[in-house]
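**Student:** Just so it is clear, I am handing over final_29.tsv, which has TSV, C-alpha atoms.
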```tsv
chain	number	residue	atom	x	y	z
A	339	MET	CA	67.02	-1.81	-110.21
A	340	THR	CA	69.90	0.15	-108.74
A	341	SER	CA	71.38	3.07	-110.66
A	342	PRO	CA	75.14	3.63	-110.70
A	343	HIS	CA	74.66	6.49	-108.23
A	344	THR	CA	72.48	4.53	-105.77
A	345	PRO	CA	74.47	3.10	-102.88
A	346	PRO	CA	73.95	-0.62	-102.32
A	347	THR	CA	71.72	-1.63	-99.43
A	348	ALA	CA	73.84	-2.20	-96.34
A	349	VAL	CA	73.87	-5.75	-95.07
A	350	ALA	CA	73.36	-5.96	-91.32
A	351	PRO	CA	76.46	-7.42	-89.63
A	352	SER	CA	76.26	-10.92	-88.20
A	353	LEU	CA	76.12	-11.56	-84.47
A	354	PHE	CA	79.75	-12.71	-84.55
A	355	ARG	CA	80.85	-9.43	-86.12
A	356	ARG	CA	78.76	-7.43	-83.66
A	357	VAL	CA	80.33	-8.92	-80.52
A	358	GLY	CA	83.75	-9.93	-81.90
A	359	LEU	CA	86.00	-12.96	-81.49
A	360	PRO	CA	87.51	-11.79	-78.16
A	361	TYR	CA	84.07	-11.98	-76.58
A	362	PHE	CA	83.67	-15.68	-77.41
A	363	LEU	CA	87.19	-16.51	-76.22
A	364	ILE	CA	86.73	-14.66	-72.92
A	365	ALA	CA	83.26	-16.13	-72.32
A	366	PHE	CA	84.56	-19.64	-73.03
A	367	ILE	CA	87.43	-19.48	-70.54
A	368	ALA	CA	85.32	-17.59	-67.98
A	369	ARG	CA	82.90	-20.52	-67.69
A	370	LEU	CA	85.69	-23.04	-67.00
A	371	PRO	CA	85.99	-22.31	-63.22
A	372	PHE	CA	82.29	-23.12	-62.77
A	373	ALA	CA	82.92	-26.53	-64.36
A	374	MET	CA	85.81	-27.10	-61.94
A	375	MET	CA	84.02	-26.15	-58.72
A	376	VAL	CA	81.89	-29.20	-57.88
A	377	VAL	CA	84.57	-31.75	-58.76
A	378	GLY	CA	87.28	-29.59	-57.16
A	379	VAL	CA	85.32	-29.32	-53.90
A	380	LEU	CA	84.71	-33.07	-53.86
A	381	THR	CA	88.38	-33.81	-54.52
A	382	VAL	CA	89.79	-31.54	-51.84
A	383	VAL	CA	87.30	-32.67	-49.17
A	384	VAL	CA	88.05	-36.35	-49.77
A	385	ALA	CA	91.79	-35.62	-49.63
A	386	ALA	CA	91.69	-33.35	-46.57
A	387	ARG	CA	88.94	-35.00	-44.51
A	388	ASP	CA	89.17	-38.59	-45.84
A	389	SER	CA	85.38	-38.78	-46.21
A	390	VAL	CA	83.58	-39.53	-49.47
A	391	GLY	CA	80.25	-38.93	-47.75
A	392	LEU	CA	81.23	-35.43	-46.65
A	393	GLY	CA	82.62	-34.81	-50.13
A	394	GLY	CA	79.26	-35.63	-51.67
A	395	LEU	CA	77.45	-33.38	-49.21
A	396	THR	CA	79.77	-30.44	-49.88
A	397	SER	CA	79.29	-30.86	-53.64
A	398	ALA	CA	75.53	-30.81	-53.07
A	399	ALA	CA	75.93	-27.68	-50.91
A	400	VAL	CA	77.59	-25.93	-53.86
A	401	GLY	CA	74.62	-26.85	-56.05
A	402	ILE	CA	72.11	-25.68	-53.45
A	403	GLY	CA	73.90	-22.34	-53.15
A	404	THR	CA	73.71	-21.90	-56.91
A	405	ALA	CA	70.03	-22.84	-56.95
A	406	CYS	CA	69.18	-20.34	-54.21
A	407	PHE	CA	71.13	-17.37	-55.54
A	408	GLY	CA	71.63	-17.98	-59.27
A	409	PRO	CA	68.22	-16.65	-60.35
A	410	LEU	CA	68.58	-13.72	-57.94
A	411	LEU	CA	71.88	-12.79	-59.59
A	412	GLY	CA	70.14	-13.04	-62.96
A	413	ALA	CA	67.35	-10.75	-61.77
A	414	ALA	CA	69.90	-8.25	-60.45
A	415	ALA	CA	71.73	-8.34	-63.80
A	416	ASP	CA	68.45	-7.70	-65.65
A	417	ARG	CA	67.77	-4.70	-63.42
A	418	ARG	CA	71.23	-3.15	-63.01
A	419	GLY	CA	73.15	-4.60	-65.92
A	420	GLN	CA	75.59	-7.49	-65.86
A	421	ARG	CA	78.77	-5.46	-65.34
A	422	ILE	CA	78.33	-4.48	-61.71
A	423	VAL	CA	76.80	-7.85	-60.71
A	424	LEU	CA	79.57	-9.90	-62.31
A	425	ALA	CA	82.32	-7.67	-60.93
A	426	ILE	CA	81.04	-8.13	-57.38
A	427	VAL	CA	80.49	-11.90	-57.59
A	428	ALA	CA	83.87	-12.46	-59.29
A	429	VAL	CA	85.67	-11.06	-56.25
A	430	ALA	CA	83.28	-12.75	-53.81
A	431	ASN	CA	83.54	-16.16	-55.49
A	432	ALA	CA	87.33	-16.09	-55.69
A	433	ALA	CA	87.40	-15.24	-51.98
A	434	ALA	CA	84.89	-18.03	-51.23
A	435	LEU	CA	87.07	-20.60	-53.03
A	436	ILE	CA	90.19	-19.59	-51.11
A	437	GLY	CA	88.21	-19.42	-47.85
A	438	PHE	CA	86.80	-22.91	-48.41
A	439	THR	CA	90.29	-24.29	-49.04
A	440	LEU	CA	91.51	-22.85	-45.75
A	441	VAL	CA	88.48	-24.11	-43.83
A	442	VAL	CA	88.62	-27.65	-45.17
A	443	TYR	CA	92.27	-28.06	-44.13
A	444	SER	CA	91.60	-26.56	-40.70
A	445	PRO	CA	90.05	-28.32	-37.67
A	446	ALA	CA	86.77	-26.51	-38.42
A	447	PRO	CA	83.60	-28.58	-37.84
A	448	GLU	CA	81.72	-30.11	-40.76
A	449	PRO	CA	78.83	-27.59	-40.66
A	450	LEU	CA	81.33	-24.79	-41.34
A	451	VAL	CA	82.74	-26.78	-44.26
A	452	LEU	CA	79.23	-27.14	-45.69
A	453	LEU	CA	78.50	-23.45	-45.15
A	454	SER	CA	81.72	-22.53	-46.96
A	455	ALA	CA	80.72	-24.78	-49.86
A	456	PHE	CA	77.28	-23.14	-49.96
A	457	ALA	CA	79.00	-19.75	-50.23
A	458	ILE	CA	80.90	-20.97	-53.31
A	459	GLY	CA	77.66	-21.87	-55.06
A	460	ALA	CA	75.87	-18.72	-53.89
A	461	THR	CA	78.54	-16.45	-55.37
A	462	ALA	CA	79.26	-18.51	-58.50
A	463	PRO	CA	79.43	-16.21	-61.56
A	464	GLN	CA	76.63	-17.24	-63.90
A	465	VAL	CA	78.72	-16.84	-67.05
A	466	SER	CA	76.88	-19.32	-69.27
A	467	PRO	CA	73.36	-18.02	-68.56
A	468	MET	CA	74.49	-14.40	-68.76
A	469	SER	CA	76.30	-14.99	-72.04
A	470	ARG	CA	73.12	-16.51	-73.46
A	471	SER	CA	71.13	-13.57	-72.11
A	472	ARG	CA	73.45	-11.00	-73.70
A	473	LEU	CA	73.40	-12.71	-77.07
A	474	VAL	CA	69.63	-13.32	-77.05
A	475	THR	CA	69.02	-9.65	-76.22
A	476	ILE	CA	71.35	-8.50	-79.00
A	477	ILE	CA	69.67	-10.86	-81.47
A	478	ALA	CA	66.19	-9.65	-80.49
A	479	GLU	CA	67.06	-5.97	-80.79
A	480	ARG	CA	69.78	-5.71	-83.43
A	481	VAL	CA	69.46	-8.66	-85.83
A	482	PRO	CA	66.93	-8.36	-88.69
A	483	GLU	CA	63.71	-10.24	-87.97
A	484	GLU	CA	64.09	-12.66	-90.86
A	485	ARG	CA	67.44	-13.84	-89.44
A	486	ARG	CA	66.53	-14.03	-85.75
A	487	ALA	CA	65.25	-17.61	-85.56
A	488	ARG	CA	68.26	-19.05	-87.38
A	489	THR	CA	70.70	-16.86	-85.43
A	490	THR	CA	69.13	-17.85	-82.10
A	491	SER	CA	69.35	-21.54	-83.00
A	492	SER	CA	73.00	-21.19	-84.04
A	493	THR	CA	73.84	-19.23	-80.89
A	494	MET	CA	72.21	-21.76	-78.57
A	495	SER	CA	74.00	-24.54	-80.42
A	496	TYR	CA	77.36	-22.88	-79.89
A	497	GLU	CA	76.65	-22.03	-76.24
A	498	SER	CA	75.60	-25.60	-75.44
A	499	ALA	CA	78.63	-27.02	-77.25
A	500	ALA	CA	80.86	-24.66	-75.27
A	501	ASP	CA	79.25	-25.80	-72.02
A	502	GLU	CA	79.68	-29.45	-72.97
A	503	THR	CA	83.34	-28.85	-73.76
A	504	VAL	CA	84.18	-27.11	-70.49
A	505	PHE	CA	82.20	-29.64	-68.43
A	506	VAL	CA	84.33	-32.38	-69.94
A	507	PHE	CA	87.63	-30.48	-69.74
A	508	GLY	CA	86.95	-28.96	-66.29
A	509	PRO	CA	86.93	-32.27	-64.34
A	510	PHE	CA	89.89	-33.47	-66.40
A	511	LEU	CA	91.86	-30.34	-65.45
A	512	VAL	CA	90.92	-30.85	-61.79
A	513	GLY	CA	92.28	-34.39	-61.95
A	514	VAL	CA	95.54	-33.29	-63.55
A	515	LEU	CA	96.15	-30.47	-61.06
A	516	ALA	CA	95.10	-32.48	-58.01
A	517	THR	CA	97.24	-35.47	-58.98
A	518	GLY	CA	100.23	-33.59	-60.32
A	519	ILE	CA	100.47	-30.78	-57.75
A	520	ALA	CA	98.06	-30.87	-54.79
A	521	PRO	CA	94.33	-31.47	-54.13
A	522	TRP	CA	93.82	-27.79	-53.27
A	523	MET	CA	95.43	-26.48	-56.44
A	524	PRO	CA	92.31	-26.75	-58.70
A	525	LEU	CA	90.39	-24.37	-56.42
A	526	VAL	CA	93.26	-21.87	-56.33
A	527	ILE	CA	93.55	-21.97	-60.14
A	528	ALA	CA	89.78	-21.57	-60.44
A	529	ALA	CA	89.92	-18.49	-58.20
A	530	ALA	CA	92.63	-16.95	-60.39
A	531	LEU	CA	90.69	-17.69	-63.58
A	532	ILE	CA	87.60	-16.06	-62.08
A	533	LEU	CA	89.40	-12.85	-61.21
A	534	VAL	CA	91.01	-12.56	-64.65
A	535	PHE	CA	88.45	-13.91	-67.11
A	536	VAL	CA	85.15	-13.32	-65.31
A	537	GLY	CA	86.51	-9.83	-64.67
A	538	ALA	CA	87.19	-9.44	-68.40
A	539	PHE	CA	83.74	-10.83	-69.17
A	540	ALA	CA	82.23	-8.22	-66.85
A	541	LEU	CA	84.16	-5.40	-68.48
A	542	HIS	CA	83.36	-6.40	-72.07
A	543	PRO	CA	81.22	-3.74	-73.84
A	544	THR	CA	78.33	-6.18	-74.24
A	545	ALA	CA	77.92	-6.25	-70.45
A	546	ALA	CA	76.67	-2.68	-70.43
A	547	HIS	CA	73.67	-3.49	-72.61
A	548	VAL	CA	70.29	-3.63	-70.87
A	549	SER	CA	67.16	-4.75	-72.70
A	550	ALA	CA	65.38	-1.90	-74.45
A	551	GLN	CA	62.13	-3.30	-73.05
A	552	ARG	CA	63.17	-2.23	-69.56
A	553	GLY	CA	61.78	1.01	-68.20
A	554	ALA	CA	63.85	4.17	-67.81
A	555	ASP	CA	64.54	3.28	-64.17
A	556	GLY	CA	65.64	-0.26	-65.12
A	557	ARG	CA	62.44	-1.92	-63.98
A	558	ALA	CA	60.95	-4.74	-66.03
A	559	THR	CA	57.72	-4.05	-67.88
A	560	SER	CA	56.73	-7.73	-67.63
A	561	ARG	CA	55.23	-9.26	-64.52
A	562	VAL	CA	57.16	-11.68	-62.29
A	563	SER	CA	54.32	-14.16	-62.76
A	564	GLU	CA	55.43	-14.59	-66.37
A	565	LEU	CA	58.44	-16.51	-65.07
A	566	PHE	CA	56.08	-19.15	-63.73
A	567	ARG	CA	54.06	-19.87	-66.82
A	568	PRO	CA	53.60	-23.64	-67.39
A	569	ARG	CA	55.43	-23.62	-70.72
A	570	LEU	CA	58.53	-22.10	-69.12
A	571	LEU	CA	58.35	-24.19	-65.96
A	572	ILE	CA	58.24	-27.45	-67.92
A	573	VAL	CA	61.47	-26.40	-69.62
A	574	VAL	CA	62.99	-25.88	-66.16
A	575	VAL	CA	61.83	-29.39	-65.20
A	576	GLY	CA	63.36	-30.79	-68.38
A	577	MET	CA	66.63	-29.03	-67.62
A	578	LEU	CA	66.55	-30.45	-64.08
A	579	GLY	CA	66.20	-33.91	-65.63
A	580	VAL	CA	69.25	-33.32	-67.83
A	581	GLY	CA	71.24	-32.27	-64.76
A	582	VAL	CA	70.16	-35.39	-62.86
A	583	PHE	CA	71.25	-37.46	-65.86
A	584	PHE	CA	74.70	-35.84	-65.91
A	585	GLY	CA	75.26	-36.37	-62.19
A	586	ALA	CA	73.88	-39.93	-62.16
A	587	MET	CA	75.73	-40.96	-65.31
A	588	LEU	CA	79.15	-39.75	-64.16
A	589	THR	CA	78.75	-41.27	-60.69
A	590	SER	CA	77.40	-44.63	-61.88
A	591	LEU	CA	80.05	-44.77	-64.61
A	592	THR	CA	82.75	-44.19	-61.99
A	593	ALA	CA	81.33	-47.03	-59.89
A	594	PHE	CA	81.15	-49.27	-62.99
A	595	MET	CA	84.76	-48.61	-63.97
A	596	THR	CA	85.91	-49.07	-60.36
A	597	GLU	CA	84.36	-52.54	-60.32
A	598	HIS	CA	86.26	-53.28	-63.52
A	599	GLY	CA	89.53	-52.18	-61.91
A	600	ARG	CA	89.94	-49.11	-64.15
A	601	PRO	CA	88.52	-46.16	-62.17
A	602	GLU	CA	90.97	-43.71	-63.72
A	603	GLU	CA	89.37	-44.28	-67.15
A	604	ALA	CA	85.88	-43.16	-66.09
A	605	GLY	CA	86.59	-39.57	-67.10
A	606	LEU	CA	87.82	-40.66	-70.52
A	607	LEU	CA	84.66	-42.66	-71.24
A	608	TYR	CA	82.46	-39.85	-69.97
A	609	GLY	CA	84.41	-37.46	-72.19
A	610	ALA	CA	83.55	-39.63	-75.20
A	611	MET	CA	79.88	-38.94	-74.54
A	612	GLY	CA	80.61	-35.24	-74.10
A	613	VAL	CA	82.49	-34.93	-77.37
A	614	GLY	CA	79.68	-36.54	-79.36
A	615	SER	CA	77.15	-34.42	-77.52
A	616	ALA	CA	79.02	-31.21	-78.35
A	617	ILE	CA	79.30	-32.10	-82.04
A	618	LEU	CA	75.59	-32.91	-82.32
A	619	ALA	CA	74.72	-29.75	-80.39
A	620	LEU	CA	76.48	-27.70	-83.06
A	621	GLY	CA	74.60	-29.65	-85.73
A	622	VAL	CA	71.23	-28.44	-84.42
A	623	ALA	CA	71.89	-25.09	-86.07
A	624	PHE	CA	71.53	-26.74	-89.48
A	625	LEU	CA	68.13	-28.32	-88.83
A	626	PRO	CA	65.27	-26.88	-90.93
A	627	ALA	CA	62.92	-24.38	-89.29
A	628	ARG	CA	59.92	-26.64	-90.00
A	629	PHE	CA	61.41	-29.14	-87.51
A	630	THR	CA	59.87	-27.40	-84.50
A	631	LEU	CA	61.45	-27.13	-81.08
A	632	PRO	CA	58.84	-29.37	-79.36
A	633	GLY	CA	59.47	-32.00	-82.04
A	634	ARG	CA	63.23	-31.76	-81.57
A	635	TRP	CA	62.88	-32.22	-77.82
A	636	LEU	CA	60.80	-35.37	-78.32
A	637	LEU	CA	63.15	-36.87	-80.89
A	638	PHE	CA	66.46	-36.23	-79.17
A	639	ALA	CA	65.15	-37.02	-75.67
A	640	GLY	CA	63.87	-40.26	-77.20
A	641	VAL	CA	67.39	-41.02	-78.45
A	642	LEU	CA	68.76	-40.26	-74.97
A	643	PHE	CA	66.19	-42.50	-73.29
A	644	GLY	CA	66.71	-45.28	-75.83
A	645	GLY	CA	70.46	-45.22	-75.28
A	646	SER	CA	69.99	-45.28	-71.51
A	647	LEU	CA	67.95	-48.48	-71.77
A	648	ILE	CA	71.16	-50.24	-72.79
A	649	LEU	CA	72.80	-49.43	-69.43
A	650	PRO	CA	71.14	-52.11	-67.21
A	651	SER	CA	72.44	-54.84	-69.53
A	652	VAL	CA	75.98	-53.45	-69.89
A	653	HIS	CA	78.66	-55.73	-68.46
A	654	ASP	CA	81.83	-54.70	-70.30
A	655	VAL	CA	83.60	-51.48	-71.23
A	656	THR	CA	82.92	-51.79	-74.97
A	657	ALA	CA	79.18	-52.03	-74.45
A	658	MET	CA	79.34	-49.07	-72.07
A	659	LEU	CA	81.16	-47.01	-74.70
A	660	ILE	CA	78.42	-47.82	-77.24
A	661	ALA	CA	75.70	-46.78	-74.80
A	662	LEU	CA	77.50	-43.51	-74.04
A	663	ALA	CA	77.93	-42.76	-77.74
A	664	VAL	CA	74.20	-43.24	-78.39
A	665	MET	CA	73.20	-41.11	-75.42
A	666	GLY	CA	75.63	-38.40	-76.50
A	667	CYS	CA	73.69	-38.11	-79.77
A	668	GLY	CA	70.62	-37.15	-77.78
A	669	ILE	CA	71.80	-35.09	-74.83
A	670	GLY	CA	73.51	-32.20	-76.67
A	671	PRO	CA	70.64	-31.40	-79.07
A	672	THR	CA	68.17	-31.70	-76.18
A	673	LEU	CA	70.08	-29.06	-74.21
A	674	VAL	CA	70.16	-26.72	-77.21
A	675	THR	CA	66.42	-27.14	-77.69
A	676	GLN	CA	65.62	-26.48	-74.05
A	677	PHE	CA	67.66	-23.26	-73.96
A	678	SER	CA	66.00	-22.14	-77.21
A	679	LEU	CA	62.58	-22.78	-75.70
A	680	GLY	CA	63.59	-20.85	-72.58
A	681	ALA	CA	64.57	-17.89	-74.77
A	682	ALA	CA	61.28	-18.15	-76.66
A	683	PHE	CA	58.95	-18.51	-73.65
A	684	GLY	CA	60.66	-16.21	-71.15
A	685	PRO	CA	59.90	-12.47	-71.03
A	686	ALA	CA	62.50	-10.60	-73.08
A	687	ASP	CA	63.23	-8.07	-70.32
A	688	ARG	CA	64.03	-10.87	-67.87
A	689	SER	CA	66.32	-12.94	-70.10
A	690	ALA	CA	69.16	-13.20	-67.58
A	691	THR	CA	66.69	-14.38	-64.93
A	692	VAL	CA	65.30	-17.03	-67.27
A	693	MET	CA	68.72	-18.30	-68.30
A	694	THR	CA	69.96	-18.47	-64.71
A	695	MET	CA	66.79	-20.39	-63.78
A	696	LEU	CA	67.66	-22.96	-66.43
A	697	GLY	CA	71.34	-23.03	-65.48
A	698	SER	CA	70.51	-23.42	-61.79
A	699	ALA	CA	68.14	-26.30	-62.54
A	700	LEU	CA	70.96	-28.03	-64.41
A	701	VAL	CA	73.39	-27.62	-61.50
A	702	VAL	CA	70.85	-28.73	-58.88
A	703	GLY	CA	70.03	-31.77	-60.99
A	704	GLN	CA	73.71	-32.69	-61.20
A	705	ALA	CA	74.06	-32.47	-57.43
A	706	ILE	CA	70.94	-34.58	-56.83
A	707	GLY	CA	71.99	-37.18	-59.37
A	708	ALA	CA	75.53	-37.45	-57.97
A	709	VAL	CA	74.47	-37.72	-54.31
A	710	VAL	CA	71.63	-40.23	-54.80
A	711	THR	CA	73.56	-42.38	-57.27
A	712	GLY	CA	76.61	-42.36	-55.02
A	713	GLN	CA	74.57	-43.63	-52.09
A	714	ILE	CA	73.07	-46.42	-54.19
A	715	ALA	CA	76.47	-47.37	-55.65
A	716	ASP	CA	78.00	-47.58	-52.17
A	717	ALA	CA	75.13	-49.68	-50.84
A	718	ALA	CA	74.33	-51.97	-53.78
A	719	GLY	CA	77.04	-51.62	-56.43
A	720	ALA	CA	77.31	-50.23	-59.93
A	721	GLN	CA	74.57	-52.23	-61.65
A	722	PRO	CA	71.66	-50.83	-59.57
A	723	ALA	CA	73.26	-47.38	-59.79
A	724	LEU	CA	73.06	-47.55	-63.60
A	725	LEU	CA	69.27	-47.46	-63.31
A	726	LEU	CA	69.42	-43.84	-62.15
A	727	PRO	CA	70.48	-42.41	-65.56
A	728	VAL	CA	67.58	-44.35	-67.11
A	729	ILE	CA	65.12	-42.71	-64.71
A	730	ALA	CA	66.63	-39.28	-65.36
A	731	ALA	CA	66.43	-39.75	-69.14
A	732	GLY	CA	62.80	-40.81	-68.69
A	733	LEU	CA	62.12	-37.56	-66.83
A	734	VAL	CA	63.62	-35.55	-69.69
A	735	LEU	CA	61.44	-37.39	-72.23
A	736	ALA	CA	58.30	-37.04	-70.08
A	737	ALA	CA	58.90	-33.28	-69.77
A	738	GLY	CA	59.26	-33.16	-73.56
A	739	VAL	CA	55.90	-34.88	-73.97
A	740	VAL	CA	54.25	-32.36	-71.63
A	741	ASN	CA	55.88	-29.52	-73.56
A	742	ALA	CA	54.49	-30.90	-76.82
A	743	VAL	CA	51.01	-31.17	-75.30
A	744	LEU	CA	51.17	-27.59	-74.03
A	745	ALA	CA	52.30	-26.42	-77.47
A	746	ARG	CA	49.56	-28.22	-79.41
A	747	PRO	CA	46.54	-25.93	-78.68
A	748	ARG	CA	48.48	-22.85	-79.78
A	749	HIS	CA	49.06	-24.29	-83.27
A	750	ALA	CA	52.28	-22.30	-83.50
A	751	ALA	CA	55.73	-23.54	-84.34
A	752	VAL	CA	58.37	-21.94	-82.18
```
Using structure tokens, write down the structure from this file.

**Tutor:**
Amino acid sequence: MTSPHTPPTAVAPSLFRRVGLPYFLIAFIARLPFAMMVVGVLTVVVAARDSVGLGGLTSAAVGIGTACFGPLLGAAADRRGQRIVLAIVAVANAAALIGFTLVVYSPAPEPLVLLSAFAIGATAPQVSPMSRSRLVTIIAERVPEERRARTTSSTMSYESAADETVFVFGPFLVGVLATGIAPWMPLVIAAALILVFVGAFALHPTAAHVSAQRGADGRATSRVSELFRPRLLIVVVGMLGVGVFFGAMLTSLTAFMTEHGRPEEAGLLYGAMGVGSAILALGVAFLPARFTLPGRWLLFAGVLFGGSLILPSVHDVTAMLIALAVMGCGIGPTLVTQFSLGAAFGPADRSATVMTMLGSALVVGQAIGAVVTGQIADAAGAQPALLLPVIAAGLVLAAGVVNAVLARPRHAAV
């Protein structure tokens, strides 16, 4: 019982109050250029070089660049702090985008175009993974233990919903700018957004925070081998499957709508899946703790796979919209669960590395899905191409099964 002279126990501030509203606004806009890059590169190459094949290859080159250097940028941010890393790559990436635009409109040979696209991916600011890393580190070190699990789930739900939103709005913005002004305009706008908002993201006070588990010289106390533990690697595989699904679904949907004489509506239908996915992603935060992460992965990946099984029998736009709505109910919560598992299984002093590994797997998967599905659609039409999202959804579910098997002997709910 508290006496009149005993001060009340202070309630620890929430994560939102700790980082502030400006942080979330800056981080949201700062991730938009990344969502514009792949589609923007594809658009400008097709317009300037009149080659869909080269456009697909340059988009894949962006993904490969991200895969090669994304985790390295995460490791550098873990060691030196995010501020200096993000400041450097913001300038480098803006320059790479402008340089690519100049190269693609010049008589430069195709290998130089591909190299320029690779440079875009290699210098891409990893805003989403680094935002997750910052917030996870703050939760682990400054949020009371009894609130950490719920706060982590809520944070991953928001972050995934934000990603879903920008990855729907990004391609839409590219289409508006390319159609209304010029094909090169989306890349110029993306470069400007990077300098302003990624720069602001780098300068935000949260960027200066380095995990307390790091040594005095900034070195990690965990071993690099901990990044290659089976339980973490299977999450990376699952994330790769989600990326393949995104790339295959958008490409096969575009082919499907083209065959129906309404190619311009492909983005709208795809957006319908994204909106439902974002809403369900936010809903994951309200699931009970006894509904474990391995169980969530199995359930929602099962919904995704079940919805994808409708695709081979889809022959009209209404049926396609139904299939997309069902799959949207599964894809968002699956992403949230995978990022939460990555945060749980990865070493705390390498959180940026872990999150960039997951983000890079997603981007690489998108590139693979888009390129392979595009080749099949060109050669055989939309109906065979619609089998690729089914295969990708099956990969996500299979990875979820393996994750559940790996979790079983430990008898521990995450």

**Student:** Would you kindly return, as a PDB file with C-alpha atoms, in the coordinates of the input, each protein, DNA or RNA residue with an atom no farther than 6 Å from any atom of segment 538-546 of chain A, considering only C-alpha atoms and excluding same-chain residues fewer than 6 positions away?

**Tutor:**
```pdb
ATOM      1  CA  GLN A 420      75.590  -7.490 -65.860  1.00  0.00           C
ATOM      2  CA  ARG A 421      78.770  -5.460 -65.340  1.00  0.00           C
ATOM      3  CA  LEU A 424      79.570  -9.900 -62.310  1.00  0.00           C
ATOM      4  CA  ALA A 425      82.320  -7.670 -60.930  1.00  0.00           C
TER       5      ALA A 425
END
```

**Student:** With distances taken over all atoms listed in the file, which of A:Leu353, A:Leu453, A:Ile519, A:Ile527 is nearest to Met375 of chain A?

**Tutor:**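 Nearest candidate to Met375 of chain A out of A:Leu353, A:Leu453, A:Ile519, A:Ile527: A:Ile527.
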
**Student:** In Å to one decimal, how far is atom CA of Gly640 of chain A from atom CA of Ala742 of chain A?

**Tutor:** 13.3 Å

**Student:** Using Å and a single decimal, report how far atom CA of Ala723 of chain A sits from atom CA of Ser590 of chain A.

**Tutor:**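 These two atoms are separated by 5.4 Å.
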
**Student:** If you count all atoms listed in the file, which residues fall within 7 Å of segment 585-588 of chain A, apart from same-chain ones fewer than 4 positions away, as a compact mmCIF listing (two decimals) with C-alpha atoms, keeping the file's coordinate frame?

**Tutor:**
```
# COMPACT_ATOMS: atom_id res chain seq x y z
CA GLY A 581 71.24 -32.27 -64.76
CA THR A 592 82.75 -44.19 -61.99
CA TYR A 608 82.46 -39.85 -69.97
CA GLN A 704 73.71 -32.69 -61.20
CA ALA A 705 74.06 -32.47 -57.43
CA GLY A 707 71.99 -37.18 -59.37
CA ALA A 708 75.53 -37.45 -57.97
CA THR A 711 73.56 -42.38 -57.27
CA LEU A 726 69.42 -43.84 -62.15
CA PRO A 727 70.48 -42.41 -65.56
```

**Student:** When distances are computed from all atoms listed in the file, which of A:Val383, A:Leu607, A:Val692, A:Val376 shows the smallest separation from Val441 of chain A?

**Tutor:**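 So, comparing all the options, the nearest one is A:Val383.
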
**Student:** Suppose you want the space between atom CA of Ala528 of chain A and atom CA of Pro463 of chain A; what is it in Å?

**Tutor:**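 Interatomic distance here is 11.7 Å.
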
**Student:** Just the residues within 6 Å of segment 501-511 of chain A, please, counting only C-alpha atoms, with nothing from its chain fewer than 6 positions along; format it as a list in words.

**Tutor:**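 In the requested form, the answer reads Leu370, Ala373, Met374, Gly609, Gly612 and Ala616 of chain A.
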
**Student:** With C-alpha atoms retained, export the selected residues as a PDB file, in the coordinates of the input.

**Tutor:**
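What landed in out-v1.pdb:
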```pdb
ATOM      1  CA  LEU A 370      85.690 -23.040 -67.000  1.00  0.00           C
ATOM      2  CA  ALA A 373      82.920 -26.530 -64.360  1.00  0.00           C
ATOM      3  CA  MET A 374      85.810 -27.100 -61.940  1.00  0.00           C
ATOM      4  CA  GLY A 609      84.410 -37.460 -72.190  1.00  0.00           C
ATOM      5  CA  GLY A 612      80.610 -35.240 -74.100  1.00  0.00           C
ATOM      6  CA  ALA A 616      79.020 -31.210 -78.350  1.00  0.00           C
TER       7      ALA A 616
END
```

**Student:** Compute the distance from (57.4, -30.6, -75.5) to each atom, counting all atoms listed in the file, keep the residues with any atom at most 12 Å away, and return them as number ranges by chain; use the coordinates of the file.

**Tutor:** A: 568-576, 630-640, 672, 675-676, 679-680, 734-746, 751-752

**Student:** Could you give me, as JSON, numbers by chain, the residues within 12 Å of Phe438 of chain A, counting all atoms listed in the file and dropping anything in the same chain fewer than 2 positions from it?

**Tutor:** {"A": [375, 378, 379, 380, 382, 383, 386, 396, 400, 431, 432, 433, 434, 435, 436, 440, 441, 442, 443, 444, 446, 448, 450, 451, 452, 453, 454, 455, 456, 457, 458, 459, 522, 525, 526, 529]}

**Student:** With C-alpha atoms kept, could you save the residues just selected as a short mmCIF file (atom, residue, chain, number, x, y, z; two decimals), keeping the file's coordinate frame?

**Tutor:**
```
data_model
loop_
_atom_site.label_atom_id
_atom_site.label_comp_id
_atom_site.auth_asym_id
_atom_site.auth_seq_id
_atom_site.Cartn_x
_atom_site.Cartn_y
_atom_site.Cartn_z
CA MET A 375 84.02 -26.15 -58.72
CA GLY A 378 87.28 -29.59 -57.16
CA VAL A 379 85.32 -29.32 -53.90
CA LEU A 380 84.71 -33.07 -53.86
CA VAL A 382 89.79 -31.54 -51.84
CA VAL A 383 87.30 -32.67 -49.17
CA ALA A 386 91.69 -33.35 -46.57
CA THR A 396 79.77 -30.44 -49.88
CA VAL A 400 77.59 -25.93 -53.86
CA ASN A 431 83.54 -16.16 -55.49
CA ALA A 432 87.33 -16.09 -55.69
CA ALA A 433 87.40 -15.24 -51.98
CA ALA A 434 84.89 -18.03 -51.23
CA LEU A 435 87.07 -20.60 -53.03
CA ILE A 436 90.19 -19.59 -51.11
CA LEU A 440 91.51 -22.85 -45.75
CA VAL A 441 88.48 -24.11 -43.83
CA VAL A 442 88.62 -27.65 -45.17
CA TYR A 443 92.27 -28.06 -44.13
CA SER A 444 91.60 -26.56 -40.70
CA ALA A 446 86.77 -26.51 -38.42
CA GLU A 448 81.72 -30.11 -40.76
CA LEU A 450 81.33 -24.79 -41.34
CA VAL A 451 82.74 -26.78 -44.26
CA LEU A 452 79.23 -27.14 -45.69
CA LEU A 453 78.50 -23.45 -45.15
CA SER A 454 81.72 -22.53 -46.96
CA ALA A 455 80.72 -24.78 -49.86
CA PHE A 456 77.28 -23.14 -49.96
CA ALA A 457 79.00 -19.75 -50.23
CA ILE A 458 80.90 -20.97 -53.31
CA GLY A 459 77.66 -21.87 -55.06
CA TRP A 522 93.82 -27.79 -53.27
CA LEU A 525 90.39 -24.37 -56.42
CA VAL A 526 93.26 -21.87 -56.33
CA ALA A 529 89.92 -18.49 -58.20
#
```
